[in-house]
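Source file input_20.txt; content: compact mmCIF, C-alpha atoms.
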```txt
# COMPACT_ATOMS: atom_id res chain seq x y z
CA MET A 1 119.95 86.39 108.70
CA LYS A 2 116.54 87.27 110.13
CA ALA A 3 115.73 89.95 112.69
CA ARG A 4 112.50 90.80 114.47
CA VAL A 5 111.78 94.30 115.77
CA THR A 6 108.92 94.88 118.20
CA VAL A 7 107.79 98.49 118.61
CA MET A 8 105.42 99.37 121.46
CA LEU A 9 104.13 102.66 122.80
CA LYS A 10 105.95 103.59 126.01
CA THR A 11 104.15 103.09 129.33
CA GLY A 12 102.07 106.16 130.06
CA VAL A 13 101.47 107.03 126.42
CA LEU A 14 97.77 106.79 125.61
CA ASP A 15 96.97 103.85 123.29
CA PRO A 16 93.53 104.44 121.72
CA GLN A 17 93.94 101.45 119.38
CA GLY A 18 94.52 99.15 122.37
CA GLU A 19 91.55 100.70 124.17
CA ALA A 20 89.34 100.06 121.12
CA ILE A 21 90.39 96.40 121.09
CA ARG A 22 89.68 96.06 124.83
CA HIS A 23 86.25 97.57 124.31
CA ALA A 24 85.50 95.29 121.35
CA LEU A 25 86.63 92.20 123.29
CA GLY A 26 84.29 93.23 126.13
CA SER A 27 81.39 93.53 123.68
CA LEU A 28 82.16 90.03 122.37
CA GLY A 29 81.88 88.60 125.88
CA PHE A 30 85.56 88.36 126.84
CA ALA A 31 85.13 89.90 130.26
CA GLY A 32 88.49 89.03 131.81
CA VAL A 33 90.60 91.46 129.80
CA THR A 34 91.86 94.28 131.97
CA GLY A 35 94.31 95.95 129.62
CA VAL A 36 95.37 95.91 125.98
CA ARG A 37 98.36 97.57 124.27
CA GLN A 38 98.93 97.34 120.55
CA GLY A 39 102.26 97.63 118.80
CA LYS A 40 104.05 96.76 115.59
CA VAL A 41 106.28 93.87 114.68
CA ILE A 42 108.66 94.13 111.74
CA GLU A 43 110.50 91.10 110.39
CA LEU A 44 113.62 91.86 108.39
CA GLU A 45 115.61 89.61 106.09
CA LEU A 46 119.22 90.83 106.20
CA ALA A 47 122.27 90.22 104.04
CA ALA A 48 124.60 90.53 107.08
CA THR A 49 125.93 87.17 108.30
CA GLU A 50 127.28 88.19 111.73
CA ALA A 51 124.76 88.55 114.55
CA ALA A 52 126.56 91.51 116.17
CA THR A 53 126.75 93.44 112.89
CA ALA A 54 123.13 92.68 112.12
CA GLU A 55 121.97 93.81 115.56
CA ALA A 56 123.87 97.11 115.33
CA GLU A 57 122.43 97.73 111.87
CA VAL A 58 118.87 96.98 112.96
CA LYS A 59 119.22 99.26 115.99
CA ALA A 60 120.32 102.08 113.67
CA MET A 61 117.24 101.38 111.50
CA CYS A 62 115.00 101.62 114.58
CA GLU A 63 116.50 104.94 115.64
CA LYS A 64 116.25 106.39 112.14
CA LEU A 65 112.98 105.01 110.81
CA LEU A 66 111.19 102.12 112.48
CA ALA A 67 110.39 103.63 115.88
CA ASN A 68 109.50 107.11 117.08
CA THR A 69 111.71 107.02 120.17
CA VAL A 70 109.91 109.97 121.75
CA ILE A 71 106.81 107.87 122.39
CA GLU A 72 107.80 104.32 121.39
CA SER A 73 110.24 101.75 122.69
CA TYR A 74 111.69 98.96 120.57
CA ARG A 75 113.19 95.53 121.08
CA VAL A 76 115.47 93.81 118.58
CA GLU A 77 115.79 90.02 118.32
CA ILE A 78 118.19 88.31 115.95
CA LEU A 79 116.69 84.95 114.89
CA MET B 1 98.44 87.01 133.64
CA LYS B 2 99.93 88.53 130.49
CA ALA B 3 99.63 87.26 126.94
CA ARG B 4 101.26 88.43 123.73
CA VAL B 5 99.63 87.85 120.34
CA THR B 6 101.65 88.32 117.14
CA VAL B 7 99.64 88.64 113.94
CA MET B 8 101.46 88.45 110.60
CA LEU B 9 100.25 88.30 107.02
CA LYS B 10 100.51 84.75 105.67
CA THR B 11 103.36 83.92 103.30
CA GLY B 12 102.32 84.79 99.78
CA VAL B 13 99.98 87.59 100.81
CA LEU B 14 101.23 90.90 99.44
CA ASP B 15 102.51 93.23 102.18
CA PRO B 16 102.62 96.79 100.80
CA GLN B 17 103.47 98.25 104.22
CA GLY B 18 106.52 95.99 104.48
CA GLU B 19 107.52 96.90 100.93
CA ALA B 20 107.27 100.61 101.79
CA ILE B 21 109.56 100.09 104.79
CA ARG B 22 112.07 98.16 102.67
CA HIS B 23 112.09 100.97 100.11
CA ALA B 24 112.50 103.64 102.80
CA LEU B 25 115.38 101.71 104.43
CA GLY B 26 117.07 101.49 101.02
CA SER B 27 116.72 105.26 100.57
CA LEU B 28 118.32 105.80 103.99
CA GLY B 29 121.37 103.77 102.95
CA PHE B 30 120.56 100.42 104.55
CA ALA B 31 121.41 98.35 101.50
CA GLY B 32 121.51 94.88 103.03
CA VAL B 33 117.77 94.48 103.61
CA THR B 34 116.32 91.90 101.25
CA GLY B 35 112.84 91.54 102.68
CA VAL B 36 110.50 93.17 105.18
CA ARG B 37 107.15 91.98 106.58
CA GLN B 38 105.11 94.05 108.97
CA GLY B 39 102.64 92.69 111.47
CA LYS B 40 100.85 93.57 114.69
CA VAL B 41 101.60 92.69 118.26
CA ILE B 42 98.88 92.86 120.91
CA GLU B 43 99.68 92.58 124.61
CA LEU B 44 96.78 91.54 126.82
CA GLU B 45 96.41 91.74 130.57
CA LEU B 46 94.10 88.90 131.63
CA ALA B 47 92.19 88.12 134.79
CA ALA B 48 92.62 84.35 134.22
CA THR B 49 95.22 82.77 136.52
CA GLU B 50 95.75 79.42 134.75
CA ALA B 51 98.00 79.40 131.68
CA ALA B 52 95.93 76.79 129.81
CA THR B 53 92.66 78.69 130.37
CA ALA B 54 94.30 81.96 129.35
CA GLU B 55 95.75 80.44 126.18
CA ALA B 56 92.40 78.95 125.10
CA GLU B 57 90.68 82.28 125.75
CA VAL B 58 93.27 84.27 123.80
CA LYS B 59 93.03 81.83 120.86
CA ALA B 60 89.26 82.37 120.80
CA MET B 61 89.87 86.16 120.77
CA CYS B 62 92.23 85.76 117.81
CA GLU B 63 89.72 83.70 115.84
CA LYS B 64 86.88 86.13 116.57
CA LEU B 65 88.54 89.53 116.46
CA LEU B 66 92.30 89.95 116.56
CA ALA B 67 93.31 88.18 113.34
CA ASN B 68 91.72 87.82 109.94
CA THR B 69 92.52 84.12 109.52
CA VAL B 70 91.89 84.22 105.78
CA ILE B 71 95.07 86.24 105.20
CA GLU B 72 96.76 86.41 108.60
CA SER B 73 98.38 83.89 110.92
CA TYR B 74 98.73 84.42 114.66
CA ARG B 75 100.96 83.19 117.47
CA VAL B 76 99.98 83.27 121.14
CA GLU B 77 102.55 83.46 123.96
CA ILE B 78 101.58 83.37 127.62
CA LEU B 79 104.11 85.42 129.61
```
Could you write out this file's structure as structure tokens?
Amino acid sequence: MKARVTVMLKTGVLDPQGEAIRHALGSLGFAGVTGVRQGKVIELELAATEAATAEAEVKAMCEKLLANTVIESYRVEIL
Amino acid sequence: MKARVTVMLKTGVLDPQGEAIRHALGSLGFAGVTGVRQGKVIELELAATEAATAEAEVKAMCEKLLANTVIESYRVEIL
């Protein structure tokens, strides 16, 4: 079973990496970009065969390792 | 208009960051993880109002800046 975790900085948390991309896009002539946020995506291959079990397990992984829940939010999708 | 770009290493390209995550998850007791790939997600806020225009523009950004198409593949979603 496959799962995809998307980790983004929470709204209000400064995102210098996103700002750098926005600036670079502006320099390349892409003028219509008003905001950029960058995050991580993690694709997991799991041994679990039940979607509910897999989702609970992946959420535990996010809390423990994959996301810093003080400044980041995460979204889990089971594929 | 919002767009989301997901950039992942192509299949076959070594992903040491993903391997490190897999190893760390194993150490934390998550035994059922057989594979991990890490990628980037970039959320863009665009001035364009037409979905087709926005998609073409974002694809151009990916080719020029956001993805290294030699080793990475990208997916564009217009939200």
Hey, can you pull every residue with an atom no more than 6 Å from (93.1, 93.8, 125.4), using all atoms listed in the file, and send it as an NGL selection string? (:A and (21-22 or 33 or 35-36)) or (:B and (44))
Expected file contents, prior selection, C-alpha atoms, as a CSV table (one decimal), keeping the file's coordinate frame:
```csv
chain,number,residue,atom,x,y,z
A,21,ILE,CA,90.4,96.4,121.1
A,22,ARG,CA,89.7,96.1,124.8
A,33,VAL,CA,90.6,91.5,129.8
A,35,GLY,CA,94.3,96.0,129.6
A,36,VAL,CA,95.4,95.9,126.0
B,44,LEU,CA,96.8,91.5,126.8
```
Write out as a PyMOL selection string which residues come within 9 Å of Leu66 in chain A when counting all atoms listed in the file, dropping same-chain ones fewer than 5 positions away. (chain A and resi 5+7+42+61+74) or (chain B and resi 21)
Provide the CA of Ala56 in chain A to CA of Leu79 in chain B distance in Å, to one decimal place. 27.0 Å
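You will find CA of Glu50 in chain B at 10.9 Å from CA of Lys2 in chain B.
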What residues in chain A have any atom no more than 7 Å from chain B when counting all atoms listed in the file, and can you write them as a ChimeraX atom specification? /A:32-48
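CA of Val13 in chain B is positioned 29.0 Å from CA of His23 in chain A.
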